[in-house]
>>> print(open('structure.csv').read())   # CSV, C-alpha atoms
chain,number,residue,atom,x,y,z
A,674,MET,CA,-3.5,-10.3,20.4
A,675,TRP,CA,-2.0,-13.6,19.6
A,676,ALA,CA,1.8,-14.1,19.5
A,677,HIS,CA,2.7,-13.6,15.8
A,678,ASN,CA,5.3,-16.4,15.7
A,679,ALA,CA,3.7,-18.1,12.7
A,680,SER,CA,3.4,-16.3,9.4
A,681,TYR,CA,-0.3,-17.0,8.8
A,682,PRO,CA,-2.7,-18.4,11.3
A,683,THR,CA,-2.8,-22.2,11.5
A,684,THR,CA,-6.1,-22.6,13.4
A,685,GLN,CA,-9.6,-21.2,12.8
A,686,THR,CA,-9.4,-19.4,16.1
A,687,GLU,CA,-6.2,-17.6,15.1
A,688,ARG,CA,-7.8,-16.8,11.7
A,689,GLN,CA,-10.8,-15.2,13.4
A,690,GLN,CA,-8.5,-13.3,15.7
A,691,LEU,CA,-6.5,-11.9,12.7
A,692,ALA,CA,-9.8,-10.9,11.1
A,693,ASP,CA,-10.9,-9.1,14.3
A,694,GLU,CA,-7.6,-7.3,14.7
A,695,LEU,CA,-7.6,-6.0,11.1
A,696,ALA,CA,-11.2,-4.9,11.5
A,697,ALA,CA,-10.3,-3.2,14.9
A,698,ARG,CA,-7.7,-1.2,13.0
A,699,GLY,CA,-10.5,0.2,10.9
A,700,LEU,CA,-9.4,-1.7,7.7
A,701,LYS,CA,-12.0,-3.1,5.3
A,702,PRO,CA,-11.1,-5.4,2.5
A,703,THR,CA,-12.4,-4.8,-1.0
A,704,GLN,CA,-11.3,-7.9,-2.8
A,705,GLY,CA,-12.9,-11.3,-2.7
A,706,LYS,CA,-11.4,-14.4,-1.1
A,707,GLN,CA,-10.4,-15.9,-4.5
A,708,HIS,CA,-7.8,-13.2,-4.8
A,709,PHE,CA,-5.9,-14.0,-1.6
A,710,ASP,CA,-2.9,-16.2,-1.6
A,711,ARG,CA,-1.8,-17.6,1.7
A,712,ALA,CA,1.7,-18.6,0.4
A,713,LYS,CA,2.2,-15.0,-0.9
A,714,ILE,CA,1.3,-13.6,2.6
A,715,ASP,CA,3.8,-16.0,4.3
A,716,LYS,CA,6.5,-15.0,1.8
A,717,ILE,CA,6.0,-11.3,2.4
A,718,VAL,CA,5.9,-11.8,6.2
A,719,ASP,CA,9.1,-13.7,6.1
A,720,ALA,CA,10.8,-11.1,4.0
A,721,MET,CA,9.6,-8.3,6.3
A,722,LYS,CA,10.8,-10.1,9.4
A,723,ASP,CA,14.3,-11.0,7.9
A,724,GLY,CA,14.8,-7.5,6.4
A,725,SER,CA,14.9,-8.7,2.8
A,726,PHE,CA,11.5,-7.0,1.8
A,727,ASP,CA,12.1,-4.3,-0.9
A,728,TRP,CA,10.3,-1.3,0.6
A,729,ASN,CA,11.4,1.0,-2.2
A,730,LYS,CA,9.9,-1.3,-4.9
A,731,ALA,CA,6.7,-1.8,-2.8
A,732,SER,CA,6.3,2.0,-2.5
A,733,LEU,CA,6.0,2.2,-6.3
A,734,GLN,CA,2.6,0.6,-5.9
A,735,PRO,CA,1.6,1.8,-2.4
A,736,VAL,CA,-1.2,0.3,-0.3
A,737,ILE,CA,-4.2,2.3,-1.3
A,738,LEU,CA,-6.8,3.1,1.4
A,739,GLY,CA,-10.2,4.7,0.9
A,740,PRO,CA,-11.6,7.5,3.2
A,741,ALA,CA,-13.1,5.0,5.7
A,742,GLY,CA,-10.2,2.5,5.7
A,743,GLU,CA,-11.2,0.5,2.7
A,744,VAL,CA,-8.2,-1.4,1.3
A,745,MET,CA,-8.3,-0.9,-2.4
A,746,GLY,CA,-4.8,-2.1,-3.2
A,747,GLY,CA,-2.1,-3.9,-1.3
A,748,HIS,CA,-4.3,-6.4,0.7
A,749,HIS,CA,-1.4,-8.9,1.0
A,750,ARG,CA,1.0,-6.3,2.4
A,751,VAL,CA,-1.7,-5.1,4.9
A,752,ILE,CA,-2.1,-8.6,6.3
A,753,ALA,CA,1.7,-9.4,6.1
A,754,SER,CA,2.7,-6.1,7.8
A,755,HIS,CA,0.2,-6.7,10.6
A,756,LEU,CA,1.5,-10.2,11.1
A,757,ALA,CA,5.1,-8.9,11.1
A,758,GLY,CA,4.3,-6.2,13.5
A,759,ILE,CA,5.1,-3.4,11.1
A,760,ASP,CA,3.2,-0.1,10.8
A,761,LEU,CA,3.3,0.7,7.1
A,762,THR,CA,2.7,4.4,7.7
A,763,LYS,CA,6.0,4.6,9.6
A,764,VAL,CA,8.3,2.9,7.1
A,765,PRO,CA,11.0,5.4,6.1
A,766,GLY,CA,11.9,5.9,2.5
A,767,PRO,CA,11.7,8.3,-0.4
A,768,ARG,CA,8.0,7.5,-1.1
A,769,PRO,CA,5.1,6.7,1.3
A,770,GLN,CA,4.0,3.1,1.7
A,771,VAL,CA,0.3,4.1,2.0
A,772,GLN,CA,-1.7,6.4,-0.2
A,773,ARG,CA,-5.2,7.6,0.8
A,774,LEU,CA,-7.9,8.3,-1.7
A,775,PRO,CA,-10.9,10.6,-1.2
A,776,GLN,CA,-13.5,8.0,-2.4
A,777,ASN,CA,-14.0,4.3,-2.6
A,778,TYR,CA,-15.8,2.7,-5.6
A,779,ARG,CA,-15.3,-0.9,-4.5
A,780,PRO,CA,-17.6,-3.2,-2.5
A,781,GLU,CA,-16.5,-3.8,1.1
A,782,HIS,CA,-16.2,-7.3,2.7
A,783,GLN,CA,-15.6,-8.6,6.2
A,784,TRP,CA,-12.0,-9.9,6.8
A,785,ILE,CA,-13.3,-13.3,8.0
A,786,ASP,CA,-15.0,-13.8,4.7
A,787,VAL,CA,-11.9,-13.2,2.6
A,788,LEU,CA,-8.9,-14.4,4.6
A,789,PRO,CA,-7.5,-17.7,3.2
A,790,ASP,CA,-8.7,-20.7,5.1
A,791,VAL,CA,-6.5,-22.7,7.5
A,792,PRO,CA,-5.8,-26.4,7.0
>>> encode(input="structure.csv", output="structure tokens")
Amino acid sequence: MWAHNASYPTTQTERQQLADELAARGLKPTQGKQHFDRAKIDKIVDAMKDGSFDWNKASLQPVILGPAGEVMGGHHRVIASHLAGIDLTKVPGPRPQVQRLPQNYRPEHQWIDVLPDVP
């Protein structure tokens, strides 16, 4: 695993490594590349790292996972928490950060096909 010093990968090699790490965790994206915002990912990572991320507000719209690890909601938080080294299932609070659904109705993609490009 690469050292997660930068928020989002800055090289194609690091981008591929991030895609491989997310896939190895059994997570499968269900939204297309056009929906991903690199600046939003960086902003969330920074907030998670400096402690300013509002976990209570985030839990009002939890990350939604299908039965086989399909990410149906919260893609940006999934990527950001991975980059920040945070396990969303272990975040304390009044509501869970992750909700699992029994069925997935969305198409699955490969992470490398949907992660924002690097400069």
>>> residues_around(input="structure.csv", residues="Gln776 (chain A)", least_positions_apart="6", cutoff="10 Å", atoms="all atoms listed in the file", output="PDB file with C-alpha atoms, in the coordinates of the input")
ATOM      1  CA  LEU A 738      -6.800   3.100   1.400  1.00  0.00           C
ATOM      2  CA  GLY A 739     -10.200   4.700   0.900  1.00  0.00           C
ATOM      3  CA  PRO A 740     -11.600   7.500   3.200  1.00  0.00           C
ATOM      4  CA  ALA A 741     -13.100   5.000   5.700  1.00  0.00           C
ATOM      5  CA  GLU A 743     -11.200   0.500   2.700  1.00  0.00           C
TER       6      GLU A 743
END
>>> atom_distance(input="structure.csv", atom1="CA of Asp715 (chain A)", atom2="CA of Tyr778 (chain A)")
28.8 Å
>>> residues_around(input="structure.csv", residues="Gly742 (chain A)", least_positions_apart="4", cutoff="9 Å", atoms="only C-alpha atoms", output="compact mmCIF listing (two decimals) with C-alpha atoms, in the frame of the given file")
# COMPACT_ATOMS: atom_id res chain seq x y z
CA ARG A 698 -7.70 -1.20 13.00
CA GLY A 699 -10.50 0.20 10.90
CA LEU A 700 -9.40 -1.70 7.70
CA LYS A 701 -12.00 -3.10 5.30
CA PRO A 702 -11.10 -5.40 2.50
CA LEU A 738 -6.80 3.10 1.40
CA ARG A 773 -5.20 7.60 0.80
>>> residues_around(input="structure.csv", residues="Ala712 (chain A)", least_positions_apart="6", cutoff="12 Å", atoms="all atoms listed in the file", output="list in words")
Ser680, Tyr681, Pro682, Val718, Asp719, His749, Ala753, Pro789, Asp790 and Val791 of chain A
>>> residues_around(input="structure.csv", residues="region 688-693 of chain A", least_positions_apart="4", cutoff="6 Å", atoms="all atoms listed in the file", output="ChimeraX atom specification")
/A:682,697,784-785
>>> atom_distance(input="structure.csv", atom1="CA of Leu695 (chain A)", atom2="CA of Ser732 (chain A)")
21.0 Å
>>> atom_distance(input="structure.csv", atom1="CA of Gly766 (chain A)", atom2="CA of Phe709 (chain A)")
27.0 Å
>>> closest_residue(input="structure.csv", among="A:Val744, A:Trp728, A:Thr686, A:Gln734", to="Lys763 (chain A)", atoms="all atoms listed in the file")
A:Trp728
>>> residues_around(input="structure.csv", residues="His708 (chain A)", least_positions_apart="2", cutoff="12 Å", atoms="all atoms listed in the file", output="list in words")
Pro702, Thr703, Gln704, Gly705, Lys706, Asp710, Arg711, Lys713, Ile714, Gly746, Gly747, His748, His749, Asp786, Val787, Leu788 and Pro789 of chain A
>>> decode(input="structure.csv", residues="region 706-778 of chain A", atoms="C-alpha atoms", output="short mmCIF file (atom, residue, chain, number, x, y, z; two decimals), in the first residue's frame")
data_model
loop_
_atom_site.label_atom_id
_atom_site.label_comp_id
_atom_site.auth_asym_id
_atom_site.auth_seq_id
_atom_site.Cartn_x
_atom_site.Cartn_y
_atom_site.Cartn_z
CA LYS A 706 -16.65 8.39 -14.03
CA GLN A 707 -18.55 11.56 -14.93
CA HIS A 708 -19.99 11.64 -11.39
CA PHE A 709 -16.65 11.63 -9.57
CA ASP A 710 -15.15 14.91 -8.42
CA ARG A 711 -11.47 14.85 -7.51
CA ALA A 712 -11.67 18.17 -5.62
CA LYS A 713 -14.56 16.82 -3.53
CA ILE A 714 -12.53 13.72 -2.64
CA ASP A 715 -9.57 15.90 -1.59
CA LYS A 716 -11.82 18.14 0.52
CA ILE A 717 -13.35 15.16 2.33
CA VAL A 718 -9.94 13.54 2.93
CA ASP A 719 -8.59 16.78 4.40
CA ALA A 720 -11.64 17.15 6.68
CA MET A 721 -11.36 13.54 7.83
CA LYS A 722 -7.66 13.96 8.56
CA ASP A 723 -7.97 17.26 10.44
CA GLY A 724 -11.05 16.18 12.42
CA SER A 725 -13.48 18.70 10.91
CA PHE A 726 -15.55 16.14 8.98
CA ASP A 727 -19.15 16.11 10.27
CA TRP A 728 -19.77 12.40 10.90
CA ASN A 729 -23.25 12.99 12.35
CA LYS A 730 -24.37 14.82 9.21
CA ALA A 731 -22.76 12.17 6.99
CA SER A 732 -24.59 9.40 8.81
CA LEU A 733 -27.92 10.96 7.78
CA GLN A 734 -27.07 9.71 4.27
CA PRO A 735 -24.91 6.67 5.01
CA VAL A 736 -22.70 4.86 2.55
CA ILE A 737 -24.97 2.26 0.98
CA LEU A 738 -23.52 -1.12 0.06
CA GLY A 739 -25.15 -3.96 -1.83
CA PRO A 740 -24.84 -7.61 -0.80
CA ALA A 741 -21.64 -8.17 -2.79
CA GLY A 742 -19.88 -4.90 -1.88
CA GLU A 743 -21.51 -2.75 -4.54
CA VAL A 744 -21.25 0.91 -3.53
CA MET A 745 -24.68 2.35 -4.29
CA GLY A 746 -24.26 5.60 -2.38
CA GLY A 747 -21.35 7.46 -0.82
CA HIS A 748 -18.65 6.75 -3.42
CA HIS A 749 -16.70 9.90 -2.52
CA ARG A 750 -16.69 8.99 1.19
CA VAL A 751 -15.60 5.43 0.42
CA ILE A 752 -12.58 6.71 -1.52
CA ALA A 753 -11.82 9.52 0.95
CA SER A 754 -12.04 7.29 4.03
CA HIS A 755 -9.71 4.78 2.39
CA LEU A 756 -7.20 7.54 1.60
CA ALA A 757 -7.53 8.92 5.14
CA GLY A 758 -7.06 5.46 6.68
CA ILE A 759 -10.50 5.41 8.31
CA ASP A 760 -12.75 2.35 8.57
CA LEU A 761 -16.28 3.69 8.11
CA THR A 762 -17.77 0.70 9.93
CA LYS A 763 -15.89 1.66 13.11
CA VAL A 764 -16.85 5.36 13.28
CA PRO A 765 -18.70 5.94 16.57
CA GLY A 766 -21.92 7.89 16.71
CA PRO A 767 -25.66 7.65 17.10
CA ARG A 768 -26.19 6.24 13.58
CA PRO A 769 -24.12 3.88 11.45
CA GLN A 770 -21.98 5.29 8.63
CA VAL A 771 -22.66 2.25 6.43
CA GLN A 772 -25.97 0.64 5.51
CA ARG A 773 -26.20 -2.70 3.72
CA LEU A 774 -29.04 -3.53 1.36
CA PRO A 775 -30.11 -7.04 0.34
CA GLN A 776 -30.09 -6.37 -3.40
CA ASN A 777 -28.27 -4.25 -5.98
CA TYR A 778 -30.10 -2.87 -9.01
#
